[in-house]
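Below is the file my_file22.pdb, which contains PDB, C-alpha atoms.
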```pdb
ATOM      1  CA  VAL A 575     -18.560  -0.989  12.118
ATOM      2  CA  PHE A 576     -18.458   2.548  13.408
ATOM      3  CA  GLY A 577     -19.543   1.852  16.973
ATOM      4  CA  THR A 578     -17.372   0.862  19.913
ATOM      5  CA  GLN A 579     -15.482  -1.785  17.982
ATOM      6  CA  SER A 580     -12.073  -1.054  16.539
ATOM      7  CA  PRO A 581     -12.741   0.355  13.071
ATOM      8  CA  ALA A 582      -9.806  -1.126  11.198
ATOM      9  CA  PRO A 583     -11.429  -2.595   8.087
ATOM     10  CA  ARG A 584      -9.033  -5.507   7.893
ATOM     11  CA  SER A 585      -9.670  -6.831  11.389
ATOM     12  CA  ALA A 586     -10.631 -10.400  12.110
ATOM     13  CA  SER A 587     -14.275  -9.431  12.496
ATOM     14  CA  ALA A 588     -14.349  -8.186   8.931
ATOM     15  CA  GLY A 589     -13.274 -11.512   7.395
ATOM     16  CA  SER A 590     -10.486 -12.084   4.900
ATOM     17  CA  TYR A 591      -9.440  -9.562   2.325
ATOM     18  CA  ASP A 592     -10.505 -11.565  -0.657
ATOM     19  CA  GLY A 593     -14.084 -11.585   0.475
ATOM     20  CA  GLY A 594     -13.886 -14.855   2.407
ATOM     21  CA  SER A 595     -16.262 -15.486   5.266
ATOM     22  CA  THR A 596     -15.279 -15.129   8.879
ATOM     23  CA  ALA A 597     -14.774 -18.413  10.672
ATOM     24  CA  THR A 598     -17.112 -19.386  13.470
ATOM     25  CA  THR A 599     -15.173 -19.980  16.677
ATOM     26  CA  SER A 600     -15.930 -20.988  20.211
ATOM     27  CA  GLN A 601     -15.845 -18.450  22.991
ATOM     28  CA  PRO A 602     -12.923 -18.402  25.462
ATOM     29  CA  SER A 603     -13.649 -19.474  29.005
ATOM     30  CA  GLY A 604     -12.186 -19.459  32.515
ATOM     31  CA  THR A 605      -9.173 -17.262  33.301
ATOM     32  CA  PHE A 606      -8.821 -16.156  29.705
ATOM     33  CA  ALA A 607     -12.471 -15.157  29.397
ATOM     34  CA  LEU A 608     -12.232 -12.955  32.496
ATOM     35  CA  ALA A 609      -9.081 -11.262  31.293
ATOM     36  CA  MET A 610     -10.515 -10.691  27.825
ATOM     37  CA  SER A 611     -13.695  -9.231  29.282
ATOM     38  CA  ILE A 612     -11.758  -6.794  31.438
ATOM     39  CA  GLY A 613      -9.513  -5.882  28.517
ATOM     40  CA  GLU A 614     -12.412  -5.053  26.227
ATOM     41  CA  SER A 615     -13.783  -2.597  28.741
ATOM     42  CA  MET A 616     -10.324  -1.076  29.173
ATOM     43  CA  HIS A 617      -9.500  -0.556  25.510
ATOM     44  CA  ARG A 618     -12.842   0.801  24.260
ATOM     45  CA  PRO A 619     -12.176   4.364  25.474
ATOM     46  CA  LEU A 620      -8.846   4.309  23.648
ATOM     47  CA  CYS A 621     -10.499   3.260  20.399
ATOM     48  CA  SER A 622     -13.118   5.975  20.818
ATOM     49  CA  ARG A 623     -10.473   8.599  21.445
ATOM     50  CA  LEU A 624      -7.933   7.600  18.810
ATOM     51  CA  LYS A 625      -9.906   5.659  16.248
ATOM     52  CA  GLY A 626     -13.330   7.248  16.202
ATOM     53  CA  PHE A 627     -15.006   7.575  12.822
ATOM     54  CA  PRO A 628     -15.157  10.143  11.436
ATOM     55  CA  GLY A 629     -14.326  12.354  14.441
ATOM     56  CA  ARG A 630     -10.696  11.393  14.466
ATOM     57  CA  PHE A 631     -10.259  12.697  10.944
ATOM     58  CA  LEU A 632     -12.333  15.780  11.651
ATOM     59  CA  THR A 633     -10.095  16.608  14.598
ATOM     60  CA  ASP A 634      -6.965  16.286  12.516
ATOM     61  CA  ARG A 635      -8.460  18.385   9.783
ATOM     62  CA  ALA A 636      -9.377  21.030  12.320
ATOM     63  CA  VAL A 637      -5.758  21.140  13.464
ATOM     64  CA  LEU A 638      -4.587  21.752   9.910
ATOM     65  CA  GLY A 639      -7.460  24.119   9.145
ATOM     66  CA  PRO A 640      -5.627  27.381   9.938
ATOM     67  CA  MET A 641      -2.942  26.469   7.380
ATOM     68  CA  ALA A 642      -5.407  26.018   4.545
ATOM     69  CA  GLU A 643      -4.594  29.371   2.970
ATOM     70  CA  SER A 644      -1.554  28.035   1.084
ATOM     71  CA  SER A 645      -1.860  25.590  -1.789
ATOM     72  CA  PRO A 646      -0.292  22.461  -0.200
ATOM     73  CA  GLU A 647      -2.446  22.758   2.912
ATOM     74  CA  LYS A 648      -5.477  23.365   0.735
ATOM     75  CA  LYS A 649      -4.796  20.037  -0.944
ATOM     76  CA  ILE A 650      -4.481  18.347   2.441
ATOM     77  CA  ALA A 651      -7.768  19.891   3.567
ATOM     78  CA  SER A 652      -9.439  18.634   0.396
ATOM     79  CA  ALA A 653      -8.103  15.117   0.920
ATOM     80  CA  MET A 654      -9.250  15.156   4.533
ATOM     81  CA  LYS A 655     -12.701  16.294   3.459
ATOM     82  CA  ALA A 656     -12.975  13.199   1.269
ATOM     83  CA  MET A 657     -11.819  11.092   4.207
ATOM     84  CA  ASP A 658     -14.344  12.688   6.569
ATOM     85  CA  GLU A 659     -17.092  11.917   4.064
ATOM     86  CA  GLY A 660     -16.048   8.262   3.861
ATOM     87  CA  ASP A 661     -14.682   8.419   0.316
ATOM     88  CA  PHE A 662     -11.481   6.565   1.148
ATOM     89  CA  LYS A 663     -10.634   5.692  -2.442
ATOM     90  CA  LYS A 664     -10.568   9.353  -3.382
ATOM     91  CA  ALA A 665      -8.771  10.287  -0.177
ATOM     92  CA  TYR A 666      -6.151   7.598  -0.735
ATOM     93  CA  SER A 667      -5.518   8.780  -4.278
ATOM     94  CA  SER A 668      -5.116  12.345  -2.996
ATOM     95  CA  PHE A 669      -2.762  11.456  -0.174
ATOM     96  CA  LYS A 670      -0.708   9.237  -2.482
ATOM     97  CA  LYS A 671      -0.089  12.249  -4.721
ATOM     98  CA  LEU A 672       0.573  14.468  -1.714
ATOM     99  CA  ALA A 673       3.160  12.034  -0.377
ATOM    100  CA  ALA A 674       5.109  12.460  -3.604
ATOM    101  CA  GLU A 675       4.770  16.247  -3.398
ATOM    102  CA  MET A 676       5.431  16.521   0.338
ATOM    103  CA  PRO A 677       7.747  13.609   1.215
ATOM    104  CA  ASP A 678       8.751  15.109   4.576
ATOM    105  CA  ASN A 679       5.213  15.485   5.925
ATOM    106  CA  ALA A 680       4.538  12.719   8.460
ATOM    107  CA  ASP A 681       0.788  13.315   8.567
ATOM    108  CA  VAL A 682       0.485  12.925   4.812
ATOM    109  CA  TRP A 683       2.203   9.534   4.933
ATOM    110  CA  TYR A 684       0.112   8.478   7.905
ATOM    111  CA  PHE A 685      -3.181   9.385   6.237
ATOM    112  CA  LYS A 686      -2.042   7.741   3.027
ATOM    113  CA  ALA A 687      -1.630   4.527   5.024
ATOM    114  CA  GLU A 688      -4.927   4.910   6.870
ATOM    115  CA  CYS A 689      -6.902   5.639   3.707
ATOM    116  CA  GLY A 690      -5.214   2.787   1.855
ATOM    117  CA  ASN A 691      -6.209   0.500   4.712
ATOM    118  CA  TYR A 692      -9.849   1.613   4.671
ATOM    119  CA  ALA A 693     -10.123   1.794   0.883
ATOM    120  CA  SER A 694      -8.840  -1.742   0.369
ATOM    121  CA  GLY A 695     -10.478  -3.320   3.383
ATOM    122  CA  MET A 696     -13.929  -1.769   3.110
ATOM    123  CA  PHE A 697     -14.312  -0.752  -0.519
ATOM    124  CA  GLY A 698     -12.233  -3.272  -2.452
ATOM    125  CA  ALA A 699      -9.615  -0.889  -3.795
ATOM    126  CA  LYS A 700      -6.470  -2.627  -4.993
ATOM    127  CA  VAL A 701      -3.837  -1.279  -2.632
ATOM    128  CA  ASP A 702      -0.725  -3.337  -1.994
ATOM    129  CA  THR A 703      -0.290  -4.398   1.633
ATOM    130  CA  GLN A 704       3.423  -3.599   1.584
ATOM    131  CA  GLU A 705       2.693  -0.115   0.253
ATOM    132  CA  ILE A 706       0.395   0.535   3.218
ATOM    133  CA  MET A 707       2.992  -0.786   5.653
ATOM    134  CA  ASP A 708       5.707   1.333   4.070
ATOM    135  CA  ALA A 709       3.544   4.442   4.408
ATOM    136  CA  TYR A 710       3.023   3.788   8.132
ATOM    137  CA  LYS A 711       6.767   3.194   8.564
ATOM    138  CA  LYS A 712       7.592   6.421   6.742
ATOM    139  CA  ALA A 713       5.247   8.391   9.000
ATOM    140  CA  ILE A 714       6.922   6.849  12.055
ATOM    141  CA  GLU A 715      10.365   7.601  10.610
ATOM    142  CA  LEU A 716       9.434  11.259  10.157
ATOM    143  CA  ASP A 717       7.666  11.645  13.505
ATOM    144  CA  GLY A 718       8.597   8.873  15.890
ATOM    145  CA  ASP A 719       6.884  10.404  18.921
ATOM    146  CA  ARG A 720       3.322   9.731  17.807
ATOM    147  CA  VAL A 721       1.811   6.882  19.808
ATOM    148  CA  ASP A 722      -1.168   6.691  17.456
ATOM    149  CA  TYR A 723       1.149   6.052  14.495
ATOM    150  CA  TYR A 724       2.572   2.974  16.198
ATOM    151  CA  GLN A 725      -0.845   1.832  17.382
ATOM    152  CA  SER A 726      -2.446   2.126  13.955
ATOM    153  CA  TYR A 727       0.506   0.404  12.333
ATOM    154  CA  GLY A 728       0.307  -2.410  14.866
ATOM    155  CA  LEU A 729      -3.420  -2.848  14.340
ATOM    156  CA  PHE A 730      -2.931  -3.007  10.583
ATOM    157  CA  CYS A 731      -0.161  -5.582  10.989
ATOM    158  CA  ILE A 732      -2.506  -7.772  13.025
ATOM    159  CA  SER A 733      -5.085  -7.543  10.263
ATOM    160  CA  VAL A 734      -2.590  -8.874   7.696
ATOM    161  CA  ASN A 735      -1.299 -11.599  10.052
ATOM    162  CA  LYS A 736       2.090 -10.003  10.691
ATOM    163  CA  TYR A 737       1.865 -10.658  14.400
ATOM    164  CA  ASP A 738       5.504 -10.177  15.390
ATOM    165  CA  GLU A 739       5.605  -6.769  13.742
ATOM    166  CA  ALA A 740       2.337  -5.848  15.424
ATOM    167  CA  GLU A 741       3.589  -6.916  18.829
ATOM    168  CA  LYS A 742       6.714  -4.809  18.399
ATOM    169  CA  ALA A 743       4.701  -1.736  17.401
ATOM    170  CA  TYR A 744       2.312  -2.018  20.351
ATOM    171  CA  CYS A 745       5.174  -2.498  22.810
ATOM    172  CA  GLU A 746       6.997   0.551  21.451
ATOM    173  CA  ALA A 747       3.807   2.601  21.760
ATOM    174  CA  ALA A 748       3.297   1.435  25.346
ATOM    175  CA  GLU A 749       6.881   2.354  26.246
ATOM    176  CA  MET A 750       6.430   5.820  24.767
ATOM    177  CA  ASP A 751       3.363   6.623  26.867
ATOM    178  CA  GLU A 752       3.004   4.602  30.052
ATOM    179  CA  SER A 753      -0.370   6.208  30.777
ATOM    180  CA  MET A 754      -1.752   4.358  27.754
ATOM    181  CA  SER A 755       0.141   1.107  28.236
ATOM    182  CA  ALA A 756      -2.749  -0.801  29.827
ATOM    183  CA  SER A 757      -5.114   0.083  27.003
ATOM    184  CA  LEU A 758      -2.521  -0.683  24.354
ATOM    185  CA  TYR A 759      -1.597  -4.060  25.833
ATOM    186  CA  SER A 760      -5.226  -5.097  26.179
ATOM    187  CA  GLU A 761      -6.043  -3.942  22.663
ATOM    188  CA  PHE A 762      -3.177  -5.978  21.260
ATOM    189  CA  ALA A 763      -4.278  -9.057  23.211
ATOM    190  CA  ILE A 764      -7.879  -8.868  22.030
ATOM    191  CA  GLU A 765      -7.247  -7.927  18.393
ATOM    192  CA  TYR A 766      -4.449 -10.480  18.072
ATOM    193  CA  TYR A 767      -6.478 -13.333  19.541
ATOM    194  CA  ASN A 768      -9.622 -12.513  17.566
ATOM    195  CA  ASN A 769      -7.669 -12.329  14.321
ATOM    196  CA  VAL A 770      -5.938 -15.640  14.960
ATOM    197  CA  MET A 771      -9.252 -17.312  15.756
ATOM    198  CA  ALA A 772     -10.837 -15.978  12.565
ATOM    199  CA  THR A 773      -7.818 -16.705  10.370
ATOM    200  CA  TYR A 774      -7.243 -20.301  11.398
ATOM    201  CA  GLY A 775     -10.891 -21.206  11.793
ATOM    202  CA  GLU A 776     -11.647 -24.799  12.743
ATOM    203  CA  ILE A 777      -8.031 -25.493  13.673
ATOM    204  CA  MET A 778      -8.533 -23.232  16.696
ATOM    205  CA  GLU A 779     -11.251 -25.524  18.002
ATOM    206  CA  ASP A 780      -8.462 -27.816  19.156
ATOM    207  CA  PRO A 781      -7.327 -26.585  22.615
ATOM    208  CA  LYS A 782      -3.747 -27.693  21.936
ATOM    209  CA  ALA A 783      -3.575 -25.729  18.700
ATOM    210  CA  ARG A 784      -5.145 -22.695  20.361
ATOM    211  CA  ALA A 785      -2.914 -22.795  23.441
ATOM    212  CA  PRO A 786       0.161 -20.827  22.220
ATOM    213  CA  TYR A 787      -2.003 -18.018  20.851
ATOM    214  CA  GLY A 788      -4.156 -17.908  23.949
ATOM    215  CA  LYS A 789      -1.041 -17.833  26.121
ATOM    216  CA  LYS A 790       0.409 -14.825  24.304
ATOM    217  CA  ALA A 791      -2.890 -12.948  24.457
ATOM    218  CA  LEU A 792      -3.284 -13.750  28.130
ATOM    219  CA  GLU A 793       0.254 -12.576  28.868
ATOM    220  CA  TYR A 794      -0.616  -9.160  27.456
ATOM    221  CA  MET A 795      -3.914  -9.048  29.313
ATOM    222  CA  LEU A 796      -1.994  -9.595  32.549
ATOM    223  CA  LYS A 797       0.494  -6.876  31.557
ATOM    224  CA  ALA A 798      -2.480  -4.562  31.044
ATOM    225  CA  LEU A 799      -3.731  -5.420  34.524
ATOM    226  CA  ASP A 800      -0.205  -5.167  35.987
ATOM    227  CA  MET A 801      -0.732  -8.620  37.429
ATOM    228  CA  THR A 802       1.474 -11.715  37.645
ATOM    229  CA  PRO A 803       0.213 -15.150  36.608
ATOM    230  CA  ASP A 804       0.353 -16.276  40.235
ATOM    231  CA  GLU A 805      -1.814 -13.355  41.314
ATOM    232  CA  ALA A 806      -4.345 -14.185  38.620
ATOM    233  CA  LYS A 807      -4.451 -17.813  39.687
ATOM    234  CA  SER A 808      -4.962 -16.898  43.338
ATOM    235  CA  LEU A 809      -7.845 -14.589  42.453
ATOM    236  CA  LEU A 810      -9.574 -17.197  40.330
TER     237      LEU A 810
END
```
Show how you would write the structure in this file as structure tokens.
Amino acid sequence: VFGTQSPAPRSASAGSYDGGSTATTSQPSGTFALAMSIGESMHRPLCSRLKGFPGRFLTDRAVLGPMAESSPEKKIASAMKAMDEGDFKKAYSSFKKLAAEMPDNADVWYFKAECGNYASGMFGAKVDTQEIMDAYKKAIELDGDRVDYYQSYGLFCISVNKYDEAEKAYCEAAEMDESMSASLYSEFAIEYYNNVMATYGEIMEDPKARAPYGKKALEYMLKALDMTPDEAKSLL
């Protein structure tokens, strides 16, 4: 869970939220398999940099560390400590209270969303999906220049099968930082396709049923590679 894979607890690889088992699916082949393989290698460094566990949280805590003299920042540091230690239920409870106390702090809303995601997906805490989404949206509203906010929100949306919202978030993130666009597009393609395959299970064994989802994923893989469909065909 905490290796090179994306750590979002509600991803397709983690199964359904109610404890259901992950569906067994066939592996993609041909053009799509090549594109997916390239994409995985492209987006791993991004996951390591932005979604590492627990380093990502440690880094953010270190940034806020110098402010820990005052009471509000002390509370944030305490909540982040719980997050660093993997106690996401406690961290979520803390950030939920902090969001009420500090409604204009984007980081507080963002970490509330992240901890709610981890607490419910990995540890069975009862956190409403819409509440998590609203927390991500509030963080973005308060600080709309953070690529990682959009990326995390998009990844969460994939995990709860809100694919259109996820696609929009990833595209906005890619437009904000073109240097990360290839990694973001490939991550969306892979996470989206894997989640669809796991969610719809045996239905996806039918090539016709799988086709529209595979097409969308492949389109984003080609965007990541800055390649047209004709170029891909000529190479293969």
(message) Selection in question (the file shown): the PyMOL selection byres ((chain A and resi 763) around 7). Which residues does it include, as a list in words?
(response) Tyr759, Ser760, Glu761, Phe762, Ile764, Glu765, Tyr766, Tyr767, Ala791, Leu792, Tyr794 and Met795 of chain A
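Between CA of Glu715 in chain A and CA of Tyr737 in chain A the separation is 20.5 Å.
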(request) Could you check how far CA of Ala740 in chain A sits from CA of Ala783 in chain A, in Å to one decimal? (result)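 Separation between CA of Ala740 in chain A and CA of Ala783 in chain A: 21.0 Å.
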(message) Given only C-alpha atoms as the basis, pick out the residue of A:Tyr724, A:Tyr787, A:Phe697, A:Tyr710 nearest to Lys664 in chain A.
(response)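 With only C-alpha atoms as the atom set, the closest residue is A:Phe697.
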(request) Could you check which of A:Val734, A:Val721, A:Ala709, A:Ile714 is closest to Ala674 in chain A, using only C-alpha atoms? (result) A:Ala709
(request) Write out as JSON, numbers by chain each polymer residue whose atoms come within 12 Å of Asp717 in chain A, counting all atoms listed in the file; drop sequence neighbours fewer than 2 positions from it. (result) {"A": [678, 679, 680, 681, 682, 683, 684, 710, 711, 712, 713, 714, 715, 719, 720, 721, 722, 723, 724]}
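The coordinates place CA of Phe662 in chain A at 5.3 Å from CA of Cys689 in chain A.
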Might you spell out which residues the PyMOL selection byres ((chain A and resi 750) around 12) would select in the displayed file, as a PDB file with C-alpha atoms, in the frame of the given file?
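out02.pdb, written as the output of this step:
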```pdb
ATOM      1  CA  GLY A 718       8.597   8.873  15.890  1.00  0.00           C
ATOM      2  CA  ASP A 719       6.884  10.404  18.921  1.00  0.00           C
ATOM      3  CA  ARG A 720       3.322   9.731  17.807  1.00  0.00           C
ATOM      4  CA  VAL A 721       1.811   6.882  19.808  1.00  0.00           C
ATOM      5  CA  ASP A 722      -1.168   6.691  17.456  1.00  0.00           C
ATOM      6  CA  TYR A 723       1.149   6.052  14.495  1.00  0.00           C
ATOM      7  CA  TYR A 724       2.572   2.974  16.198  1.00  0.00           C
ATOM      8  CA  GLN A 725      -0.845   1.832  17.382  1.00  0.00           C
ATOM      9  CA  ALA A 743       4.701  -1.736  17.401  1.00  0.00           C
ATOM     10  CA  TYR A 744       2.312  -2.018  20.351  1.00  0.00           C
ATOM     11  CA  CYS A 745       5.174  -2.498  22.810  1.00  0.00           C
ATOM     12  CA  GLU A 746       6.997   0.551  21.451  1.00  0.00           C
ATOM     13  CA  ALA A 747       3.807   2.601  21.760  1.00  0.00           C
ATOM     14  CA  ALA A 748       3.297   1.435  25.346  1.00  0.00           C
ATOM     15  CA  GLU A 749       6.881   2.354  26.246  1.00  0.00           C
ATOM     16  CA  ASP A 751       3.363   6.623  26.867  1.00  0.00           C
ATOM     17  CA  GLU A 752       3.004   4.602  30.052  1.00  0.00           C
ATOM     18  CA  SER A 753      -0.370   6.208  30.777  1.00  0.00           C
ATOM     19  CA  MET A 754      -1.752   4.358  27.754  1.00  0.00           C
ATOM     20  CA  SER A 755       0.141   1.107  28.236  1.00  0.00           C
ATOM     21  CA  LEU A 758      -2.521  -0.683  24.354  1.00  0.00           C
TER      22      LEU A 758
END
```
(request) Return as a PyMOL selection string the set of residues that the PyMOL selection byres ((chain A and resi 650) around 9) yields on the displayed structure. (result) chain A and resi 635+638+642+645-649+651-655+668-669+672+682
(request) Determine, counting only C-alpha atoms, which protein, DNA and RNA residues have an atom within 12 Å of an atom of Asp804 in chain A; residues of the same chain fewer than 5 positions away are not included. Present the result as a PyMOL selection string. (result) chain A and resi 605+793+796+809-810
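Of the listed residues A:Val701, A:Met707, A:Met696, A:Leu716, the one whose atoms come nearest to Leu729 in chain A is A:Met707, with distances taken using all atoms listed in the file.
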